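K.L.:
Below is the file start-v7.cif, with mmCIF, C-alpha atoms; chains and numbers go by the auth columns.
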data_target
#
loop_
_atom_site.group_PDB
_atom_site.id
_atom_site.type_symbol
_atom_site.label_atom_id
_atom_site.label_comp_id
_atom_site.label_asym_id
_atom_site.label_seq_id
_atom_site.Cartn_x
_atom_site.Cartn_y
_atom_site.Cartn_z
_atom_site.B_iso_or_equiv
_atom_site.auth_seq_id
_atom_site.auth_asym_id
ATOM 1 C CA MET A 1 -6.498 19.819 -18.109 0.00 27 F
ATOM 2 C CA ASN A 2 -7.277 16.118 -18.091 0.00 28 F
ATOM 3 C CA PHE A 3 -8.166 15.129 -14.518 0.00 29 F
ATOM 4 C CA SER A 4 -9.389 11.768 -13.324 0.00 30 F
ATOM 5 C CA ILE A 5 -9.497 9.811 -10.096 0.00 31 F
ATOM 6 C CA GLN A 6 -7.242 7.170 -11.673 0.00 32 F
ATOM 7 C CA SER A 7 -4.559 9.748 -12.512 0.00 33 F
ATOM 8 C CA LEU A 8 -4.707 11.098 -8.958 0.00 34 F
ATOM 9 C CA TYR A 9 -4.412 7.561 -7.582 0.00 35 F
ATOM 10 C CA ASN A 10 -1.450 6.795 -9.864 0.00 36 F
ATOM 11 C CA TRP A 11 0.280 10.000 -8.787 0.00 37 F
ATOM 12 C CA TYR A 12 -0.232 9.230 -5.091 0.00 38 F
ATOM 13 C CA ARG A 13 0.903 5.622 -5.550 0.00 39 F
ATOM 14 C CA GLY A 14 4.037 6.788 -7.352 0.00 40 F
ATOM 15 C CA LEU A 15 4.720 9.250 -4.556 0.00 41 F
ATOM 16 C CA LEU A 16 4.487 6.491 -1.952 0.00 42 F
ATOM 17 C CA ARG A 17 6.735 4.181 -3.984 0.00 43 F
ATOM 18 C CA ASN A 18 9.440 6.840 -4.312 0.00 44 F
ATOM 19 C CA PRO A 19 11.825 6.337 -1.356 0.00 45 F
ATOM 20 C CA LYS A 20 12.802 10.020 -1.430 0.00 46 F
ATOM 21 C CA PHE A 21 9.258 11.266 -0.748 0.00 47 F
ATOM 22 C CA ARG A 22 7.609 8.260 0.917 0.00 48 F
ATOM 23 C CA TRP A 23 7.756 9.469 4.532 0.00 49 F
ATOM 24 C CA TRP A 24 6.640 12.967 3.568 0.00 50 F
ATOM 25 C CA ALA A 25 3.626 11.523 1.753 0.00 51 F
ATOM 26 C CA ILE A 26 2.735 9.301 4.714 0.00 52 F
ATOM 27 C CA LEU A 27 3.105 12.175 7.183 0.00 53 F
ATOM 28 C CA GLY A 28 1.103 14.524 4.938 0.00 54 F
ATOM 29 C CA THR A 29 -1.666 11.941 4.584 0.00 55 F
ATOM 30 C CA ILE A 30 -1.922 11.443 8.334 0.00 56 F
ATOM 31 C CA VAL A 31 -2.023 15.215 8.919 0.00 57 F
ATOM 32 C CA TYR A 32 -4.740 15.581 6.253 0.00 58 F
ATOM 33 C CA ILE A 33 -6.832 12.797 7.789 0.00 59 F
ATOM 34 C CA LEU A 34 -6.577 14.289 11.283 0.00 60 F
ATOM 35 C CA SER A 35 -7.127 17.872 10.114 0.00 61 F
ATOM 36 C CA PRO A 36 -10.652 19.319 10.222 0.00 62 F
ATOM 37 C CA ILE A 37 -9.860 21.228 6.990 0.00 63 F
ATOM 38 C CA ASP A 38 -10.568 18.853 4.095 0.00 64 F
ATOM 39 C CA ILE A 39 -11.894 18.818 0.561 0.00 65 F
ATOM 40 C CA ALA A 40 -15.175 17.621 2.069 0.00 66 F
ATOM 41 C CA PRO A 41 -15.415 19.112 5.603 0.00 67 F
ATOM 42 C CA ASP A 42 -15.765 16.551 8.382 0.00 68 F
ATOM 43 C CA PHE A 43 -18.779 18.277 9.966 0.00 69 F
ATOM 44 C CA ILE A 44 -20.943 17.113 7.024 0.00 70 F
ATOM 45 C CA PRO A 45 -22.180 13.678 8.173 0.00 71 F
ATOM 46 C CA GLY A 46 -21.152 10.852 5.867 0.00 72 F
ATOM 47 C CA LEU A 47 -19.798 12.987 3.046 0.00 73 F
ATOM 48 C CA GLY A 48 -17.137 14.528 5.278 0.00 74 F
ATOM 49 C CA GLN A 49 -15.573 11.181 6.046 0.00 75 F
ATOM 50 C CA VAL A 50 -15.553 9.832 2.478 0.00 76 F
ATOM 51 C CA ASP A 51 -12.319 11.551 1.420 0.00 77 F
ATOM 52 C CA ASP A 52 -10.602 10.591 4.679 0.00 78 F
ATOM 53 C CA VAL A 53 -11.619 6.934 4.393 0.00 79 F
ATOM 54 C CA LEU A 54 -10.641 6.801 0.720 0.00 80 F
ATOM 55 C CA LEU A 55 -7.221 8.299 1.379 0.00 81 F
ATOM 56 C CA LEU A 56 -6.656 6.090 4.417 0.00 82 F
ATOM 57 C CA THR A 57 -7.606 3.007 2.392 0.00 83 F
ATOM 58 C CA ILE A 58 -5.145 3.869 -0.362 0.00 84 F
ATOM 59 C CA LEU A 59 -2.412 4.624 2.189 0.00 85 F
ATOM 60 C CA VAL A 60 -2.871 1.354 4.070 0.00 86 F
ATOM 61 C CA THR A 61 -3.053 -0.662 0.835 0.00 87 F
ATOM 62 C CA GLU A 62 0.095 0.826 -0.656 0.00 88 F
ATOM 63 C CA VAL A 63 2.168 0.830 2.534 0.00 89 F
ATOM 64 C CA SER A 64 1.203 -2.763 3.348 0.00 90 F
ATOM 65 C CA GLY A 65 2.107 -3.720 -0.233 0.00 91 F
ATOM 66 C CA LEU A 66 5.515 -2.083 0.195 0.00 92 F
ATOM 67 C CA VAL A 67 6.056 -3.862 3.503 0.00 93 F
ATOM 68 C CA ILE A 68 5.118 -7.227 1.993 0.00 94 F
ATOM 69 C CA GLU A 69 7.409 -6.644 -1.012 0.00 95 F
ATOM 70 C CA GLY A 70 10.282 -5.739 1.316 0.00 96 F
ATOM 71 C CA TRP A 71 9.584 -8.758 3.479 0.00 97 F
ATOM 72 C CA LYS A 72 9.533 -11.079 0.463 0.00 98 F
ATOM 73 C CA ALA A 73 12.750 -9.564 -0.874 0.00 99 F
ATOM 74 C CA ARG A 74 14.445 -9.975 2.488 0.00 100 F
ATOM 75 C CA LYS A 75 13.150 -13.525 2.834 0.00 101 F
ATOM 76 C CA GLY A 76 14.356 -14.315 -0.697 0.00 102 F
ATOM 77 C CA GLU A 77 17.827 -13.064 0.195 0.00 103 F
ATOM 78 C CA GLU A 78 17.906 -15.216 3.320 0.00 104 F
ATOM 79 C CA THR A 79 16.787 -18.367 1.509 0.00 105 F
ATOM 80 C CA THR A 80 19.240 -17.928 -1.348 0.00 106 F
ATOM 81 C CA ALA A 81 22.057 -17.343 1.119 0.00 107 F
ATOM 82 C CA SER A 82 21.119 -20.349 3.238 0.00 108 F
ATOM 83 C CA THR A 83 20.667 -22.897 0.435 0.00 109 F
ATOM 84 C CA ASP A 84 23.477 -25.274 -0.283 0.00 110 F
ATOM 85 C CA SER A 85 24.204 -27.738 -3.076 0.00 111 F
ATOM 86 C CA THR A 86 22.720 -30.752 -1.240 0.00 112 F
ATOM 87 C CA SER A 87 19.184 -29.359 -1.029 0.00 113 F
ATOM 88 C CA THR A 88 16.682 -30.418 -3.669 0.00 114 F
ATOM 89 C CA ASP A 89 13.334 -28.931 -4.533 0.00 115 F
ATOM 90 C CA SER A 90 10.540 -31.420 -4.804 0.00 116 F
ATOM 91 C CA THR A 91 6.955 -30.992 -5.875 0.00 117 F
ATOM 92 C CA VAL A 92 4.143 -33.049 -4.466 0.00 118 F
ATOM 93 C CA ASP A 93 1.054 -33.485 -6.618 0.00 119 F
ATOM 94 C CA VAL A 94 -2.144 -34.070 -4.678 0.00 120 F
ATOM 95 C CA ASP A 95 -5.507 -35.071 -6.169 0.00 121 F
ATOM 96 C CA ALA A 96 -8.514 -33.520 -4.441 0.00 122 F
ATOM 97 C CA VAL A 97 -11.283 -35.913 -3.419 0.00 123 F
ATOM 98 C CA SER A 98 -14.673 -34.668 -2.330 0.00 124 F
ATOM 99 C CA VAL A 99 -16.063 -36.173 0.871 0.00 125 F
ATOM 100 C CA LYS A 100 -19.806 -36.337 1.324 0.00 126 F
#
As structure tokens, please, write out the structure in this file.
P.N.:
Amino acid sequence: MNFSIQSLYNWYRGLLRNPKFRWWAILGTIVYILSPIDIAPDFIPGLGQVDDVLLLTILVTEVSGLVIEGWKARKGEETTASTDSTSTDSTVDVDAVSVK
């Protein structure tokens, strides 16, 4: 069996990105973090919190990424619906000048 941290991360990320299982994965992660029964027991100082912090970091990163993607998609829909034929896109080029 080929096991690596990267494969575990990819599996968890895929689970969070699947709308069918997303809420179950989030709920399971929160229960695991709050549970005293872990891979590394919480009563071991330092080592016991490593798996919880790692899992919480991945959860927050992926969920915030999903929220931002959804927000951008929703904002993109609003801007495309609100644009009309009279609006023009313009680009402004600015040269940076250092001030001493």
K.L.:
Just how far from atom CA of Leu42 of chain F is atom CA of Leu73 of chain F, in Å to one decimal?
P.N.:
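Taking atom CA of Leu73 of chain F as the start and atom CA of Leu42 of chain F as the end point, the length is 25.6 Å.
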K.L.:
What is the distance between atom CA of Ile59 of chain F and atom CA of Asp77 of chain F, in Å to one decimal?
P.N.:
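Rounded to one decimal, the two atoms are 8.5 Å apart.
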K.L.:
Find the residue from F:Ala122, F:Leu85, F:Lys98, F:Glu104 that sits nearest to Trp49 of chain F; use only C-alpha atoms when measuring.
P.N.:
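Ranked by minimum distance to Trp49 of chain F, first place goes to F:Leu85.
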K.L.:
Apply the PyMOL selection byres ((chain F and resi 38) around 12) to the structure shown and report the selected residues as a VMD selection string.
P.N.:
chain F and resid 31 to 37 39 to 44 47 to 48 50 to 52 54 to 55 81 to 82 84 to 85 87 to 89
K.L.:
Give me the residues within 10 Å of Ile65 of chain F as a list in words, counting all atoms listed in the file and dropping any in the same chain fewer than 6 places off.
P.N.:
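Residues near the query, excluding close chain neighbours: Tyr58, Gly74, Val76, Asp77 and Asp78 of chain F.
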K.L.:
Would you put the residues from that selection into a file with C-alpha atoms, as a short mmCIF file (atom, residue, chain, number, x, y, z; two decimals), keeping the file's coordinate frame?
P.N.:
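Written file, result-v4.cif:
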data_model
loop_
_atom_site.label_atom_id
_atom_site.label_comp_id
_atom_site.auth_asym_id
_atom_site.auth_seq_id
_atom_site.Cartn_x
_atom_site.Cartn_y
_atom_site.Cartn_z
CA TYR F 58 -4.74 15.58 6.25
CA GLY F 74 -17.14 14.53 5.28
CA VAL F 76 -15.55 9.83 2.48
CA ASP F 77 -12.32 11.55 1.42
CA ASP F 78 -10.60 10.59 4.68
#
K.L.:
Mind giving me the straight-line distance from atom CA of Leu80 of chain F to atom CA of Val93 of chain F in Å, one decimal?
P.N.:
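Computing it gives 20.0 Å between the two atoms.
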K.L.:
With distances taken over all atoms listed in the file, which of F:Pro45, F:Asp64, F:Ile56, F:Ser124 is nearest to Val86 of chain F?
P.N.:
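With all atoms listed in the file as the atom set, the closest residue is F:Ile56.
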K.L.:
Given 8 Å of margin on each side, can you work out the centre and size in Å (one decimal) of an axis-aligned box holding every listed atom of segment 79-97 of chain F, as JSON?
P.N.:
{"center_x": -0.7, "center_y": -0.2, "center_z": 1.7, "size_x": 37.9, "size_y": 33.1, "size_z": 21.4}
K.L.:
Start from the incomplete input, build N, CA, C and O atoms for segment 56-72 of chain F, and deliver everything as a PDB file, in the coordinates of the input.
P.N.:
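Generated file (rebuild_10.pdb):
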ATOM      1  N   ILE F  56      -1.437  11.537   6.952  1.00  0.00           N
ATOM      2  CA  ILE F  56      -1.922  11.443   8.334  1.00  0.00           C
ATOM      3  C   ILE F  56      -2.379  12.814   8.830  1.00  0.00           C
ATOM      4  O   ILE F  56      -3.435  12.924   9.469  1.00  0.00           O
ATOM      5  N   VAL F  57      -1.627  13.857   8.515  1.00  0.00           N
ATOM      6  CA  VAL F  57      -2.023  15.215   8.919  1.00  0.00           C
ATOM      7  C   VAL F  57      -3.344  15.598   8.251  1.00  0.00           C
ATOM      8  O   VAL F  57      -4.235  16.167   8.885  1.00  0.00           O
ATOM      9  N   TYR F  58      -3.504  15.271   6.965  1.00  0.00           N
ATOM     10  CA  TYR F  58      -4.740  15.581   6.253  1.00  0.00           C
ATOM     11  C   TYR F  58      -5.930  14.857   6.867  1.00  0.00           C
ATOM     12  O   TYR F  58      -7.002  15.428   7.032  1.00  0.00           O
ATOM     13  N   ILE F  59      -5.736  13.583   7.214  1.00  0.00           N
ATOM     14  CA  ILE F  59      -6.832  12.797   7.789  1.00  0.00           C
ATOM     15  C   ILE F  59      -7.245  13.351   9.153  1.00  0.00           C
ATOM     16  O   ILE F  59      -8.432  13.424   9.473  1.00  0.00           O
ATOM     17  N   LEU F  60      -6.278  13.777   9.947  1.00  0.00           N
ATOM     18  CA  LEU F  60      -6.577  14.289  11.283  1.00  0.00           C
ATOM     19  C   LEU F  60      -7.044  15.747  11.270  1.00  0.00           C
ATOM     20  O   LEU F  60      -7.681  16.198  12.216  1.00  0.00           O
ATOM     21  N   SER F  61      -6.770  16.467  10.198  1.00  0.00           N
ATOM     22  CA  SER F  61      -7.127  17.872  10.114  1.00  0.00           C
ATOM     23  C   SER F  61      -8.628  18.052   9.857  1.00  0.00           C
ATOM     24  O   SER F  61      -9.223  17.326   9.070  1.00  0.00           O
ATOM     25  N   PRO F  62      -9.237  19.048  10.492  1.00  0.00           N
ATOM     26  CA  PRO F  62     -10.652  19.319  10.222  1.00  0.00           C
ATOM     27  C   PRO F  62     -10.860  20.043   8.884  1.00  0.00           C
ATOM     28  O   PRO F  62     -11.971  20.136   8.401  1.00  0.00           O
ATOM     29  N   ILE F  63      -9.774  20.534   8.273  1.00  0.00           N
ATOM     30  CA  ILE F  63      -9.860  21.228   6.990  1.00  0.00           C
ATOM     31  C   ILE F  63      -9.600  20.214   5.884  1.00  0.00           C
ATOM     32  O   ILE F  63      -8.492  19.731   5.717  1.00  0.00           O
ATOM     33  N   ASP F  64     -10.646  19.870   5.141  1.00  0.00           N
ATOM     34  CA  ASP F  64     -10.568  18.853   4.095  1.00  0.00           C
ATOM     35  C   ASP F  64     -11.235  19.362   2.835  1.00  0.00           C
ATOM     36  O   ASP F  64     -11.852  20.420   2.804  1.00  0.00           O
ATOM     37  N   ILE F  65     -11.151  18.537   1.788  1.00  0.00           N
ATOM     38  CA  ILE F  65     -11.894  18.818   0.561  1.00  0.00           C
ATOM     39  C   ILE F  65     -13.384  18.770   0.874  1.00  0.00           C
ATOM     40  O   ILE F  65     -14.144  19.639   0.481  1.00  0.00           O
ATOM     41  N   ALA F  66     -13.797  17.728   1.578  1.00  0.00           N
ATOM     42  CA  ALA F  66     -15.175  17.621   2.069  1.00  0.00           C
ATOM     43  C   ALA F  66     -15.094  17.761   3.590  1.00  0.00           C
ATOM     44  O   ALA F  66     -14.589  16.867   4.265  1.00  0.00           O
ATOM     45  N   PRO F  67     -15.547  18.874   4.162  1.00  0.00           N
ATOM     46  CA  PRO F  67     -15.415  19.112   5.603  1.00  0.00           C
ATOM     47  C   PRO F  67     -16.036  17.995   6.444  1.00  0.00           C
ATOM     48  O   PRO F  67     -17.072  17.431   6.100  1.00  0.00           O
ATOM     49  N   ASP F  68     -15.351  17.675   7.545  1.00  0.00           N
ATOM     50  CA  ASP F  68     -15.765  16.551   8.382  1.00  0.00           C
ATOM     51  C   ASP F  68     -17.078  16.792   9.116  1.00  0.00           C
ATOM     52  O   ASP F  68     -17.690  15.855   9.603  1.00  0.00           O
ATOM     53  N   PHE F  69     -17.526  18.039   9.238  1.00  0.00           N
ATOM     54  CA  PHE F  69     -18.779  18.277   9.966  1.00  0.00           C
ATOM     55  C   PHE F  69     -20.012  17.901   9.148  1.00  0.00           C
ATOM     56  O   PHE F  69     -21.117  17.874   9.680  1.00  0.00           O
ATOM     57  N   ILE F  70     -19.832  17.602   7.851  1.00  0.00           N
ATOM     58  CA  ILE F  70     -20.943  17.113   7.024  1.00  0.00           C
ATOM     59  C   ILE F  70     -21.026  15.601   7.239  1.00  0.00           C
ATOM     60  O   ILE F  70     -20.109  14.881   6.862  1.00  0.00           O
ATOM     61  N   PRO F  71     -22.101  15.120   7.864  1.00  0.00           N
ATOM     62  CA  PRO F  71     -22.180  13.678   8.173  1.00  0.00           C
ATOM     63  C   PRO F  71     -22.107  12.819   6.909  1.00  0.00           C
ATOM     64  O   PRO F  71     -22.759  13.078   5.912  1.00  0.00           O
ATOM     65  N   GLY F  72     -21.291  11.788   6.984  1.00  0.00           N
ATOM     66  CA  GLY F  72     -21.152  10.852   5.867  1.00  0.00           C
ATOM     67  C   GLY F  72     -20.216  11.365   4.797  1.00  0.00           C
ATOM     68  O   GLY F  72     -19.157  10.805   4.565  1.00  0.00           O
TER      69      GLY F  72
END
